[in-house]
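Containing compact mmCIF, C-alpha atoms and all ligand atoms: start.txt.
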```txt
# COMPACT_ATOMS: atom_id res chain seq x y z
CA MET A 1 216.83 175.48 2.94
CA VAL A 2 216.19 176.59 6.52
CA VAL A 3 212.71 177.32 7.88
CA THR A 4 212.68 178.73 11.43
CA ILE A 5 209.86 178.37 13.93
CA ASP A 6 210.09 180.32 17.18
CA GLY A 7 207.59 180.99 19.94
CA PRO A 8 206.77 180.45 23.60
CA ALA A 9 206.28 177.07 25.34
CA GLY A 10 203.04 175.40 24.29
CA ALA A 11 202.38 177.49 21.17
CA GLY A 12 202.29 174.27 19.12
CA LYS A 13 205.80 174.55 17.68
CA SER A 14 206.83 170.89 18.05
CA THR A 15 203.70 169.30 16.59
CA VAL A 16 203.61 171.75 13.72
CA SER A 17 207.37 171.48 13.04
CA LYS A 18 207.23 167.67 12.89
CA SER A 19 204.29 167.71 10.52
CA LEU A 20 205.85 170.35 8.30
CA ALA A 21 209.18 168.46 8.23
CA GLN A 22 207.38 165.30 7.19
CA LYS A 23 205.38 167.03 4.45
CA LEU A 24 208.44 168.79 3.00
CA GLY A 25 210.91 165.91 3.58
CA PHE A 26 213.05 168.19 5.77
CA LEU A 27 214.94 167.30 8.96
CA TYR A 28 213.37 168.50 12.20
CA LEU A 29 215.75 170.28 14.58
CA ASP A 30 214.38 170.62 18.11
CA THR A 31 216.80 173.07 19.77
CA GLY A 32 214.90 173.01 23.08
CA ALA A 33 216.09 169.39 23.33
CA LEU A 34 219.70 170.61 23.33
CA TYR A 35 219.04 173.03 26.23
CA ARG A 36 217.11 170.30 28.03
CA ALA A 37 219.92 167.78 27.45
CA LEU A 38 222.48 170.15 28.98
CA ALA A 39 220.15 170.85 31.91
CA TYR A 40 219.75 167.10 32.45
CA ALA A 41 223.52 166.50 32.39
CA LEU A 42 224.16 169.43 34.75
CA ARG A 43 221.67 168.04 37.22
CA GLU A 44 222.91 164.42 36.94
CA GLU A 45 226.48 165.55 37.51
CA GLN A 46 225.47 168.00 40.24
CA VAL A 47 227.28 170.87 38.58
CA ASN A 48 226.74 174.18 40.34
CA PHE A 49 226.04 176.30 37.27
CA GLU A 50 226.07 179.50 39.31
CA GLU A 51 229.81 178.96 39.84
CA GLU A 52 231.35 180.30 36.64
CA ARG A 53 234.52 178.16 36.72
CA GLU A 54 232.59 174.98 37.42
CA LEU A 55 230.16 175.71 34.59
CA LEU A 56 232.89 176.62 32.10
CA SER A 57 234.84 173.47 32.86
CA PHE A 58 231.66 171.38 32.40
CA LEU A 59 230.84 173.12 29.09
CA GLY A 60 234.41 172.69 27.91
CA GLU A 61 234.57 168.95 28.39
CA ILE A 62 231.03 167.75 27.73
CA THR A 63 230.26 166.20 24.36
CA ILE A 64 226.84 167.05 22.93
CA GLU A 65 225.90 166.15 19.40
CA LEU A 66 223.03 165.74 16.98
CA PHE A 67 222.56 162.53 15.04
CA ARG A 68 220.13 161.51 12.31
CA LYS A 69 217.20 159.66 13.79
CA ASP A 70 214.02 158.62 11.92
CA MET A 71 212.78 161.77 10.18
CA GLY A 72 214.65 164.10 12.46
CA LEU A 73 217.67 164.66 14.62
CA GLY A 74 218.30 163.13 18.03
CA VAL A 75 220.58 164.46 20.79
CA ARG A 76 223.43 162.53 22.40
CA VAL A 77 225.19 163.71 25.55
CA ARG A 78 228.43 161.92 26.40
CA GLY A 79 227.44 159.39 23.75
CA GLU A 80 224.06 158.64 25.39
CA GLU A 81 220.70 159.35 23.79
CA VAL A 82 218.68 161.34 26.33
CA GLU A 83 215.27 161.84 24.68
CA ASP A 84 213.25 159.94 27.30
CA LYS A 85 214.93 161.74 30.23
CA ILE A 86 214.44 165.37 29.26
CA ARG A 87 210.71 165.93 28.76
CA SER A 88 209.54 166.71 32.31
CA GLU A 89 208.40 170.18 33.44
CA GLU A 90 211.29 170.16 35.90
CA ILE A 91 213.92 169.77 33.18
CA GLY A 92 212.08 172.35 31.04
CA ALA A 93 212.25 174.88 33.87
CA LEU A 94 215.94 174.16 34.48
CA ALA A 95 216.65 174.44 30.72
CA SER A 96 215.00 177.87 30.76
CA ARG A 97 217.14 178.95 33.76
CA ILE A 98 220.43 177.92 32.19
CA SER A 99 219.49 179.26 28.75
CA LYS A 100 220.03 182.83 29.93
CA ILE A 101 223.73 182.16 30.60
CA PRO A 102 225.78 183.44 27.63
CA ALA A 103 228.38 180.59 27.87
CA VAL A 104 225.59 178.01 27.57
CA ARG A 105 224.17 179.68 24.44
CA GLU A 106 227.65 180.00 22.92
CA ARG A 107 228.32 176.31 23.56
CA LEU A 108 225.16 175.30 21.71
CA LEU A 109 225.40 177.74 18.80
CA PRO A 110 227.76 175.68 16.57
CA VAL A 111 225.91 172.45 17.42
CA GLN A 112 222.67 174.00 16.14
CA ARG A 113 224.25 175.49 13.03
CA GLN A 114 225.81 172.14 12.08
CA ALA A 115 222.29 170.82 11.57
CA SER A 116 221.91 172.92 8.44
CA ASP A 117 224.85 171.02 6.89
CA MET A 118 222.92 167.78 7.32
CA GLY A 119 220.10 168.74 4.93
CA ASP A 120 217.10 171.06 4.62
CA ILE A 121 215.80 171.77 8.10
CA ILE A 122 212.87 173.00 10.10
CA ALA A 123 214.58 174.67 13.07
CA GLU A 124 212.40 175.08 16.15
CA GLY A 125 213.24 177.14 19.26
CA ARG A 126 213.25 180.66 20.70
CA ASP A 127 216.00 182.44 18.74
CA MET A 128 216.15 180.52 15.46
CA GLY A 129 215.14 183.47 13.28
CA THR A 130 216.88 186.16 15.33
CA VAL A 131 220.26 184.60 16.24
CA VAL A 132 220.97 181.06 15.06
CA PHE A 133 219.70 181.20 11.46
CA PRO A 134 219.04 184.90 10.71
CA TRP A 135 219.66 184.11 7.04
CA ALA A 136 216.79 181.55 6.92
CA GLU A 137 214.60 181.88 3.84
CA VAL A 138 211.36 181.56 5.81
CA LYS A 139 210.78 182.59 9.43
CA PHE A 140 207.69 181.88 11.50
CA PHE A 141 206.69 182.92 15.02
CA LEU A 142 203.89 180.91 16.62
CA ASP A 143 201.94 182.27 19.55
CA ALA A 144 198.82 181.33 21.54
CA SER A 145 196.96 182.53 24.62
CA VAL A 146 198.29 181.43 28.03
CA GLU A 147 195.03 179.51 28.74
CA GLU A 148 195.32 177.51 25.53
CA ARG A 149 199.00 176.80 26.09
CA VAL A 150 198.30 175.50 29.61
CA ARG A 151 195.56 173.22 28.24
CA ARG A 152 197.94 171.82 25.62
CA ARG A 153 200.76 171.23 28.11
CA VAL A 154 198.42 169.42 30.52
CA ARG A 155 197.20 167.18 27.68
CA GLU A 156 200.76 166.49 26.53
CA LEU A 157 201.95 165.51 30.03
CA ILE A 158 198.95 163.21 30.52
CA MET A 159 199.65 161.56 27.16
CA ARG A 160 203.26 161.06 28.25
CA GLY A 161 201.96 159.08 31.23
CA GLU A 162 202.52 161.62 34.03
CA LYS A 163 200.04 160.67 36.75
CA GLU A 164 199.76 163.88 38.77
CA VAL A 165 199.29 166.94 36.61
CA ASP A 166 198.60 170.11 38.58
CA GLN A 167 197.00 172.66 36.23
CA ASN A 168 197.75 175.68 38.43
CA ALA A 169 201.38 174.69 38.79
CA ILE A 170 201.65 174.29 34.99
CA ALA A 171 200.11 177.75 34.45
CA GLU A 172 202.55 179.28 36.93
CA SER A 173 205.48 177.51 35.33
CA ILE A 174 204.47 178.61 31.79
CA ILE A 175 204.08 182.25 32.85
CA LYS A 176 207.42 182.15 34.69
CA ARG A 177 209.17 180.49 31.76
CA ASP A 178 207.73 183.04 29.28
CA ARG A 179 208.96 185.89 31.42
CA GLN A 180 212.39 184.30 31.81
CA ASP A 181 212.70 183.58 28.06
CA MET A 182 211.46 187.03 26.98
CA GLU A 183 213.29 189.18 29.49
CA ARG A 184 216.76 187.64 29.32
CA GLY A 185 219.50 189.92 28.09
CA ILE A 186 220.84 187.51 25.49
CA ALA A 187 218.83 186.10 22.56
CA PRO A 188 215.44 186.86 24.15
CA LEU A 189 212.29 185.26 22.78
CA LYS A 190 210.93 187.71 20.21
CA PRO A 191 209.88 187.57 16.58
CA HIS A 192 212.39 188.52 13.89
CA PRO A 193 211.10 191.66 12.13
CA GLU A 194 210.56 189.58 8.96
CA ALA A 195 208.84 186.70 10.76
CA ILE A 196 205.32 185.65 9.86
CA ILE A 197 203.39 185.65 13.15
CA ILE A 198 200.63 183.07 13.54
CA ASP A 199 198.29 182.95 16.55
CA THR A 200 197.43 179.27 16.90
CA SER A 201 194.89 179.65 19.78
CA TYR A 202 191.88 178.96 17.58
CA LEU A 203 193.49 176.98 14.77
CA SER A 204 193.90 173.23 14.40
CA VAL A 205 197.34 171.77 13.71
CA GLU A 206 196.22 171.03 10.13
CA GLU A 207 195.14 174.63 9.59
CA VAL A 208 198.42 176.01 10.92
CA VAL A 209 200.47 173.61 8.78
CA LYS A 210 198.38 174.43 5.70
CA ASN A 211 198.92 178.17 6.23
CA MET A 212 202.63 177.66 6.67
CA LEU A 213 202.94 175.49 3.57
CA SER A 214 201.28 178.17 1.47
CA TYR A 215 203.63 180.84 2.85
CA ILE A 216 206.64 178.63 2.09
CA LYS A 217 205.46 178.00 -1.46
CA MET A 218 204.75 181.70 -1.98
CA LEU A 219 208.14 182.81 -0.63
CA ARG A 220 210.00 180.13 -2.61
CA ARG A 221 208.27 181.31 -5.79
CA ALA A 222 209.22 184.92 -5.02
CA ASP A 223 212.92 183.96 -4.70
O1 LIG B 1 211.07 174.36 23.69
P1 LIG B 1 211.41 173.75 25.02
O2 LIG B 1 210.30 173.88 26.01
O3 LIG B 1 211.88 172.33 24.88
O4 LIG B 1 212.67 174.61 25.56
C1 LIG B 1 213.15 174.50 26.88
C2 LIG B 1 213.86 175.79 27.28
O5 LIG B 1 215.09 175.91 26.56
C3 LIG B 1 213.11 177.08 26.99
O6 LIG B 1 212.27 177.46 28.07
C4 LIG B 1 214.20 178.10 26.78
C5 LIG B 1 215.34 177.28 26.26
N1 LIG B 1 215.54 177.44 24.80
C6 LIG B 1 216.21 178.55 24.38
O7 LIG B 1 216.58 179.41 25.19
N2 LIG B 1 216.48 178.72 23.06
C7 LIG B 1 216.08 177.81 22.15
N3 LIG B 1 216.38 177.99 20.87
C8 LIG B 1 215.35 176.67 22.56
C9 LIG B 1 215.07 176.51 23.91
```
Produce structure tokens that represent the structure in this file.
Amino acid sequence: MVVTIDGPAGAGKSTVSKSLAQKLGFLYLDTGALYRALAYALREEQVNFEEERELLSFLGEITIELFRKDMGLGVRVRGEEVEDKIRSEEIGALASRISKIPAVRERLLPVQRQASDMGDIIAEGRDMGTVVFPWAEVKFFLDASVEERVRRRVRELIMRGEKEVDQNAIAESIIKRDRQDMERGIAPLKPHPEAIIIDTSYLSVEEVVKNMLSYIKMLRRAD
């Protein structure tokens, strides 16, 4: 079974996806981590991604794979696990920039789809319901106000140990990233017409997860 969860940065997708995966015994697929991992490798290797030939040669020879890790799936680039190197705002912004390049999305499409051969999955991202798993049995779209999303991102970065968190810069970066993700020509961030849209601004994680579990049960019963 595939359950998709799409939505903008800071809508609560990751926390909710992890909890849902744990409750259902599903694998958690974080597709943002794949875009972040490529962004990290591009930066490390100083690839000029605006040069088509340079980018295509990089995409052609890089190895990027998912592997089973704890309850979920980890990402390896050139055989190296990159989780602790990809969570900064800077890498997030670069991931968003490269994610509008069709060759980048094409490179990651089969990697993402392979995850559904590894078991039942909760697939989290921007285009899970619309492009990667349009056949998913259950599709969710999580949203929240910009103010609430900024608050959550600030809290998350502080918890990760970042010392200097500039709230205005975070707000700017979230608004810019939203615009970039929604306005790109390929696989833009938008709900699938069948998606269940949940505004999480005034809901706790537990409430969101509870709502989602009841939808999943209801839709499974209707099958
Ligand atoms: O969810 P995240 O913040 O880790 O994602 C980082 C960026 O990667 C996001 O701004 C856009 C891109 N992305 C995407 O285009 N499609 C996905 N399925 C997941 C992420």
For Ala95 of chain A, list every protein, DNA or RNA residue within 8 Å, evaluated using only C-alpha atoms, and leave out those in the same chain fewer than 4 positions away; present the list as a list of chain:residue names.
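Selected residues are A:Gly32, A:Tyr35, A:Arg36, A:Leu38, A:Ala39, A:Ile91, A:Ser99.
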Could you tell me, counting only C-alpha atoms and all ligand atoms, which protein and nucleic acid residues lie no more than 9 Å from ligand LIG 1 (chain B), written as a ChimeraX atom specification?
/A:6-10,13-14,30-36,39,86-87,89,91-100,105,112,123-128,131-132,174,177-178,180-181,187-189
Kindly indicate which residue among A:Ile198, A:Leu142, A:Val104, A:Ile170 lies nearest to Gly60 of chain A, using all atoms listed in the file for the distances.
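When distances to Gly60 of chain A are compared using all atoms listed in the file, the smallest one comes from A:Val104.
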Which of these residues is nearest to Ser88 of chain A, using all atoms listed in the file: A:Ile186, A:Met1, A:Val165, A:Ala21?
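Residue with the minimum atom-to-atom distance to Ser88 of chain A: A:Val165.
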What is the atom CA of Leu213 of chain A-atom CA of Ala11 of chain A distance in Å, reported with one decimal?
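Taking atom CA of Leu213 of chain A and atom CA of Ala11 of chain A, their separation equals 17.7 Å.
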With all atoms listed in the file as the atoms that count, which of A:Lys210, A:Arg68, A:Lys85, A:His192 lies nearest to Leu20 of chain A?
A:Lys210
